[in-house]
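Asks: Structure file upload06.txt (compact mmCIF, C-alpha atoms and all ligand atoms) right here:
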# COMPACT_ATOMS: atom_id res chain seq x y z
CA MET A 1 -1.68 -25.33 -25.90
CA LEU A 2 -1.00 -23.72 -22.52
CA GLU A 3 0.56 -26.00 -19.92
CA ASN A 4 -1.17 -26.56 -16.56
CA LYS A 5 0.56 -24.21 -14.09
CA ASN A 6 1.46 -25.09 -10.51
CA ILE A 7 0.12 -23.05 -7.60
CA ALA A 8 1.39 -22.93 -4.00
CA ILE A 9 -0.94 -21.46 -1.39
CA PHE A 10 0.49 -19.76 1.70
CA ALA A 11 -2.01 -19.56 4.56
CA SER A 12 -1.92 -18.96 8.32
CA GLY A 13 -5.37 -19.76 9.63
CA ASN A 14 -8.81 -21.11 8.84
CA GLY A 15 -8.15 -21.64 5.15
CA SER A 16 -11.63 -21.22 3.71
CA ASN A 17 -10.14 -19.36 0.73
CA ALA A 18 -7.48 -22.04 0.32
CA GLU A 19 -10.19 -24.72 0.22
CA ASN A 20 -12.24 -22.74 -2.29
CA ILE A 21 -9.20 -22.26 -4.54
CA ILE A 22 -8.14 -25.92 -4.32
CA LYS A 23 -11.66 -27.02 -5.31
CA TYR A 24 -11.90 -24.49 -8.14
CA PHE A 25 -8.73 -25.84 -9.77
CA GLU A 26 -9.45 -29.54 -9.17
CA ASN A 27 -10.69 -30.05 -12.71
CA SER A 28 -8.95 -27.10 -14.33
CA THR A 29 -6.63 -27.28 -17.31
CA THR A 30 -5.12 -23.90 -16.40
CA GLY A 31 -3.70 -24.57 -12.96
CA LYS A 32 -3.46 -26.94 -10.04
CA VAL A 33 -2.79 -26.37 -6.34
CA LYS A 34 0.34 -28.46 -5.71
CA THR A 35 0.98 -27.61 -2.09
CA VAL A 36 -0.02 -25.55 0.95
CA LEU A 37 2.60 -23.80 3.07
CA CYS A 38 1.66 -22.71 6.57
CA ASN A 39 3.39 -20.95 9.46
CA ILE A 40 0.98 -22.07 12.22
CA PRO A 41 1.29 -25.74 13.31
CA ASN A 42 -2.39 -26.21 14.31
CA ALA A 43 -4.00 -24.04 11.62
CA HIS A 44 -7.27 -25.42 10.27
CA VAL A 45 -6.03 -24.94 6.71
CA LEU A 46 -3.80 -27.99 7.22
CA ILE A 47 -6.83 -30.21 7.85
CA ARG A 48 -8.63 -28.76 4.84
CA ALA A 49 -5.61 -29.40 2.58
CA ASN A 50 -5.24 -32.95 3.86
CA ASN A 51 -8.96 -33.67 3.29
CA LEU A 52 -8.58 -32.48 -0.29
CA GLY A 53 -5.45 -34.54 -0.94
CA VAL A 54 -3.06 -31.59 -1.12
CA THR A 55 0.32 -31.87 0.61
CA SER A 56 1.27 -29.25 3.17
CA THR A 57 4.35 -28.08 5.03
CA VAL A 58 4.57 -26.16 8.29
CA PHE A 59 7.51 -23.85 8.75
CA SER A 60 8.86 -21.74 11.61
CA ARG A 61 9.85 -18.07 11.56
CA ASP A 62 13.54 -19.03 11.44
CA GLU A 63 12.98 -21.44 8.57
CA PHE A 64 11.08 -18.75 6.66
CA TYR A 65 13.48 -15.87 7.19
CA MET A 66 16.83 -17.55 7.77
CA SER A 67 16.85 -20.61 5.51
CA ASP A 68 16.13 -21.80 2.00
CA LYS A 69 13.56 -24.38 3.13
CA ILE A 70 10.61 -22.69 1.43
CA ILE A 71 12.30 -21.61 -1.79
CA ASP A 72 13.66 -25.17 -2.09
CA ILE A 73 10.12 -26.59 -1.83
CA LEU A 74 8.80 -24.08 -4.37
CA GLN A 75 11.50 -25.06 -6.83
CA LEU A 76 11.15 -28.79 -6.21
CA GLU A 77 7.39 -28.56 -6.81
CA LYS A 78 7.99 -26.37 -9.91
CA ILE A 79 5.66 -23.69 -8.58
CA ASP A 80 4.65 -21.04 -11.12
CA LEU A 81 2.44 -18.85 -8.92
CA ILE A 82 2.33 -18.24 -5.16
CA VAL A 83 -1.06 -17.31 -3.74
CA LEU A 84 -1.30 -15.75 -0.29
CA ALA A 85 -4.72 -16.59 1.14
CA GLY A 86 -4.91 -15.31 4.69
CA PHE A 87 -1.13 -15.41 5.16
CA LEU A 88 0.11 -12.94 7.75
CA TRP A 89 3.90 -12.75 7.46
CA LEU A 90 5.91 -10.50 5.19
CA VAL A 91 7.43 -12.57 2.36
CA PRO A 92 11.26 -12.47 2.45
CA GLU A 93 13.42 -11.30 -0.43
CA ASN A 94 14.80 -14.77 -1.26
CA ILE A 95 11.26 -15.69 -2.34
CA ILE A 96 10.14 -12.31 -3.77
CA LYS A 97 13.14 -12.02 -6.12
CA PRO A 98 12.70 -15.25 -8.12
CA TYR A 99 8.89 -14.86 -8.01
CA ARG A 100 8.58 -11.16 -8.92
CA ASN A 101 5.01 -10.62 -10.28
CA LYS A 102 4.30 -14.26 -9.51
CA ILE A 103 3.04 -13.77 -5.94
CA ILE A 104 -0.45 -12.45 -5.34
CA ASN A 105 -2.35 -11.68 -2.15
CA ILE A 106 -5.98 -11.12 -1.24
CA HIS A 107 -6.67 -8.31 1.20
CA PRO A 108 -10.11 -7.91 2.79
CA ALA A 109 -10.40 -4.14 2.26
CA LEU A 110 -10.13 -1.57 -0.50
CA LEU A 111 -6.39 -0.84 -0.60
CA PRO A 112 -4.61 1.54 -0.25
CA ASN A 113 -6.95 2.03 2.72
CA TYR A 114 -6.74 -0.29 5.72
CA GLY A 115 -3.50 -2.00 4.71
CA GLY A 116 -0.14 -2.46 6.41
CA LYS A 117 1.28 -4.43 9.30
CA GLY A 118 -1.36 -5.65 11.77
CA MET A 119 -4.17 -5.05 9.31
CA TYR A 120 -5.76 -8.45 8.85
CA GLY A 121 -9.10 -10.19 9.26
CA ASN A 122 -11.44 -8.75 11.86
CA ASN A 123 -9.03 -5.94 12.86
CA ILE A 124 -9.73 -4.47 9.45
CA HIS A 125 -13.50 -4.90 9.57
CA LYS A 126 -13.64 -3.31 13.05
CA ALA A 127 -11.66 -0.29 11.86
CA VAL A 128 -13.68 0.07 8.65
CA ILE A 129 -16.97 0.11 10.60
CA ALA A 130 -15.63 2.33 13.40
CA ASP A 131 -14.66 4.94 10.79
CA GLY A 132 -18.23 5.06 9.47
CA ASN A 133 -17.45 3.76 5.96
CA LYS A 134 -20.45 2.97 3.78
CA GLU A 135 -18.57 0.44 1.68
CA SER A 136 -15.67 -1.98 1.86
CA GLY A 137 -14.43 -4.75 -0.38
CA ILE A 138 -11.56 -6.93 -1.49
CA THR A 139 -8.27 -6.21 -3.22
CA VAL A 140 -6.15 -8.72 -5.11
CA HIS A 141 -2.63 -7.39 -5.64
CA TYR A 142 0.91 -8.41 -6.51
CA VAL A 143 3.19 -8.87 -3.52
CA ASN A 144 6.40 -6.92 -3.06
CA GLU A 145 8.77 -6.32 -0.13
CA LYS A 146 6.23 -4.21 1.81
CA TYR A 147 2.88 -5.09 3.38
CA ASP A 148 -0.10 -4.65 1.02
CA ASP A 149 1.86 -2.42 -1.33
CA GLY A 150 2.19 -4.11 -4.75
CA ASP A 151 0.23 -3.23 -7.89
CA ILE A 152 -3.50 -3.78 -7.66
CA ILE A 153 -4.93 -6.42 -10.00
CA PHE A 154 -8.60 -6.37 -9.01
CA GLN A 155 -11.06 -4.86 -6.54
CA ALA A 156 -14.72 -5.58 -5.76
CA LYS A 157 -16.93 -3.64 -3.37
CA CYS A 158 -19.77 -4.36 -0.96
CA LYS A 159 -22.11 -2.00 0.89
CA ILE A 160 -21.98 -1.56 4.66
CA SER A 161 -25.34 -1.06 6.33
CA ASP A 162 -25.98 0.62 9.70
CA THR A 163 -26.61 -2.77 11.28
CA ASP A 164 -23.41 -4.44 10.03
CA THR A 165 -20.95 -5.72 12.63
CA PRO A 166 -17.34 -6.82 11.98
CA GLU A 167 -18.69 -10.38 11.78
CA THR A 168 -21.43 -9.67 9.20
CA LEU A 169 -19.01 -7.54 7.18
CA ALA A 170 -16.54 -10.44 7.26
CA GLN A 171 -19.25 -12.66 5.76
CA LYS A 172 -19.86 -10.20 2.93
CA ILE A 173 -16.13 -9.96 2.28
CA HIS A 174 -15.70 -13.73 2.30
CA ALA A 175 -18.54 -14.08 -0.22
CA LEU A 176 -16.71 -11.67 -2.56
CA GLU A 177 -13.44 -13.55 -2.01
CA TYR A 178 -14.99 -16.94 -2.84
CA GLU A 179 -16.63 -15.55 -5.97
CA TYR A 180 -13.71 -13.64 -7.44
CA PHE A 181 -10.33 -14.82 -6.10
CA PRO A 182 -10.10 -18.13 -8.01
CA LYS A 183 -11.10 -16.41 -11.26
CA ILE A 184 -8.47 -13.71 -10.77
CA ILE A 185 -5.85 -16.38 -10.00
CA GLU A 186 -6.84 -18.10 -13.23
CA SER A 187 -6.47 -14.90 -15.25
CA VAL A 188 -3.02 -14.23 -13.71
CA LEU A 189 -1.95 -17.82 -14.47
CA MET A 190 -2.91 -17.38 -18.10
CA LYS A 191 -0.49 -14.44 -18.40
CA ILE A 192 2.49 -16.39 -16.96
CA GLN A 193 4.85 -17.68 -19.64
C1 LIG B 1 -9.45 -13.51 4.35
O1 LIG B 1 -10.56 -12.65 4.52
C2 LIG B 1 -8.29 -12.75 3.75
O2 LIG B 1 -8.67 -11.73 2.88
C3 LIG B 1 -7.64 -12.16 4.98
O3 LIG B 1 -7.71 -13.20 5.93
C4 LIG B 1 -8.90 -13.95 5.70
C5 LIG B 1 -8.53 -15.41 5.73
O4 LIG B 1 -9.68 -16.22 5.75
N1 LIG B 1 -6.29 -11.77 4.71
C6 LIG B 1 -5.73 -10.73 5.34
O5 LIG B 1 -6.28 -10.08 6.20
C7 LIG B 1 -4.30 -10.43 4.88
N2 LIG B 1 -3.88 -9.14 5.35
P1 LIG B 1 -9.56 -17.77 5.42
O6 LIG B 1 -8.39 -18.31 6.23
O7 LIG B 1 -10.87 -18.36 5.85
O8 LIG B 1 -9.33 -17.89 3.95
Would you write the structure of this file as structure tokens?
Ligand code: GAR
Replies:
Amino acid sequence: MLENKNIAIFASGNGSNAENIIKYFENSTTGKVKTVLCNIPNAHVLIRANNLGVTSTVFSRDEFYMSDKIIDILQLEKIDLIVLAGFLWLVPENIIKPYRNKIINIHPALLPNYGGKGMYGNNIHKAVIADGNKESGITVHYVNEKYDDGDIIFQAKCKISDTDTPETLAQKIHALEYEYFPKIIESVLMKIQ
């Protein structure tokens, strides 16, 4: 029988995906969200995690890039998979190396388009609409040393109508994220030895 795998979620903001993932795995025998790691002290994701009984840690830029604080937590918690859910910093090499192919990110656009530094949340939806695109979507991909660059695991699309705004497009994208991201995480977990 497969053992229940441990997930750590990295998030920077609202945390609606984090909440959806935590709930999805609450009664799962595949995985469990052990902890939330966050780089913004007053991010709403911290309240969501607390309400759902999941521990969280806030870390500074120096702690992330210049110390072993985060890798030490990941090892202490025996984390098998790192999930970036609205996390906006580049992951440093001391975490990428031991977790190669065990870090995945969700990006709210159809990569390789609209990726890279500064491309997050509503910035993306504004650019996608301004360019006259008729569709957008979500991409789940492995994380490497560059922004939004690792192998693509899954994409799903939505249509953009003439009346869509960045806000209504964000709603469509979030709906796709809530539907698919936990299932993709589950399928990745099942491949981890
Ligand atoms: C999500 O749409 C996620 O795809 C995006 O941030 C949002 C976070 O929402 N991530 C990026 O833009 C990463 N480049 P949430 O905090 O409510 O889950």
Asks: What is the distance, in Å and to one decimal place, between atom CA of Asn20 of chain A and atom CA of Lys97 of chain A?
Replies: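 Going from atom CA of Asn20 of chain A over to atom CA of Lys97 of chain A covers 27.8 Å.
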Asks: Calculate how many Å separate atom CA of Ser16 of chain A from atom P1 of ligand LIG 1 (chain B), rounding to one decimal.
Replies: 4.4 Å
Asks: Counting only C-alpha atoms, which of A:Glu19, A:Val128, A:Lys32, A:Asn27 gets nearest to Ile47 of chain A?
Replies: A:Glu19
Asks: Determine, counting all atoms listed in the file, every residue of protein, DNA or RNA that lies within 7 Å of (-6.2, -13.8, 0.8) in the file coordinates, then give the result as JSON, numbers by chain.
Replies: {"A": [17, 84, 85, 86, 87, 105, 106, 107]}
Asks: Using all atoms listed in the file for the distances, tell me which of A:Ser161, A:Asn14, A:Thr30, A:Gln171 is nearest to ligand LIG 1 (chain B).
Replies: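 Using all atoms listed in the file, the shortest distance to ligand LIG 1 (chain B) belongs to A:Asn14.
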Asks: Which is closest to Met66 of chain A among A:Gly53, A:Pro92, A:Gly31, A:Pro112, if we use all atoms listed in the file?
Replies: A:Pro92
Asks: Could you tell me, as a PyMOL selection string, which residues have any atom at most 12 Å from (-14.6, -17.4, -7.5), counting all atoms listed in the file?
Replies: chain A and resi 17-25+156+174-187
Asks: May I ask for the distance between atom CA of Gly137 of chain A and atom CA of Thr35 of chain A, given in Å to one decimal place?
Replies: 27.6 Å
Asks: Which residue out of A:Cys38, A:Met190, A:Val33, A:Leu74 has the minimum interatomic distance to ligand LIG 1 (chain B) when all atoms listed in the file are used?
Replies: A:Cys38
Asks: May I ask which of the residues A:Asp131, A:Glu167, A:Glu63, A:Asp72 is the closest one to ligand LIG 1 (chain B), counting all atoms listed in the file?
Replies: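 Checking each candidate against ligand LIG 1 (chain B), we get A:Glu167 as the closest.
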Asks: A:Leu81, A:Val188, A:Leu37, A:Met119: which is nearest ligand LIG 1 (chain B), counting all atoms listed in the file?
Replies: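 When distances to ligand LIG 1 (chain B) are compared using all atoms listed in the file, the smallest one comes from A:Met119.
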Asks: If I wrap all listed atoms of segment 176-182 of chain A in a box with edges along x, y and z and add 4 Å on each side, what are its centre and edge lengths in Å to one decimal, as JSON?
Replies:
{"center_x": -13.4, "center_y": -14.9, "center_z": -5.0, "size_x": 14.6, "size_y": 14.5, "size_z": 14.0}
Asks: Just the residues within 9 Å of segment 94-96 of chain A, please, counting only C-alpha atoms, with nothing from its chain fewer than 3 positions along; format it as a short mmCIF file (atom, residue, chain, number, x, y, z; two decimals) with C-alpha atoms, keeping the file's coordinate frame.
Replies:
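This went into out-v3.cif:
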data_model
loop_
_atom_site.label_atom_id
_atom_site.label_comp_id
_atom_site.auth_asym_id
_atom_site.auth_seq_id
_atom_site.Cartn_x
_atom_site.Cartn_y
_atom_site.Cartn_z
CA TYR A 65 13.48 -15.87 7.19
CA ASP A 68 16.13 -21.80 2.00
CA ILE A 70 10.61 -22.69 1.43
CA ILE A 71 12.30 -21.61 -1.79
CA LEU A 74 8.80 -24.08 -4.37
CA VAL A 91 7.43 -12.57 2.36
CA TYR A 99 8.89 -14.86 -8.01
CA ARG A 100 8.58 -11.16 -8.92
CA ASN A 101 5.01 -10.62 -10.28
CA LYS A 102 4.30 -14.26 -9.51
CA ILE A 103 3.04 -13.77 -5.94
CA VAL A 143 3.19 -8.87 -3.52
CA ASN A 144 6.40 -6.92 -3.06
CA GLU A 145 8.77 -6.32 -0.13
#
Asks: Residues within 7 Å of Leu110 of chain A, please, as a PyMOL selection string. Count all atoms listed in the file; anything in the same chain fewer than 4 positions from it doesn't count.
Replies: chain A and resi 136-139+155
Asks: Hey, what's within 8 Å of segment 123-125 of chain A if we count all atoms listed in the file and toss same-chain stuff fewer than 5 positions away? As an MDAnalysis selection string, please?
Replies: chainID A and resid 108:109 114 118 166:167 169:170
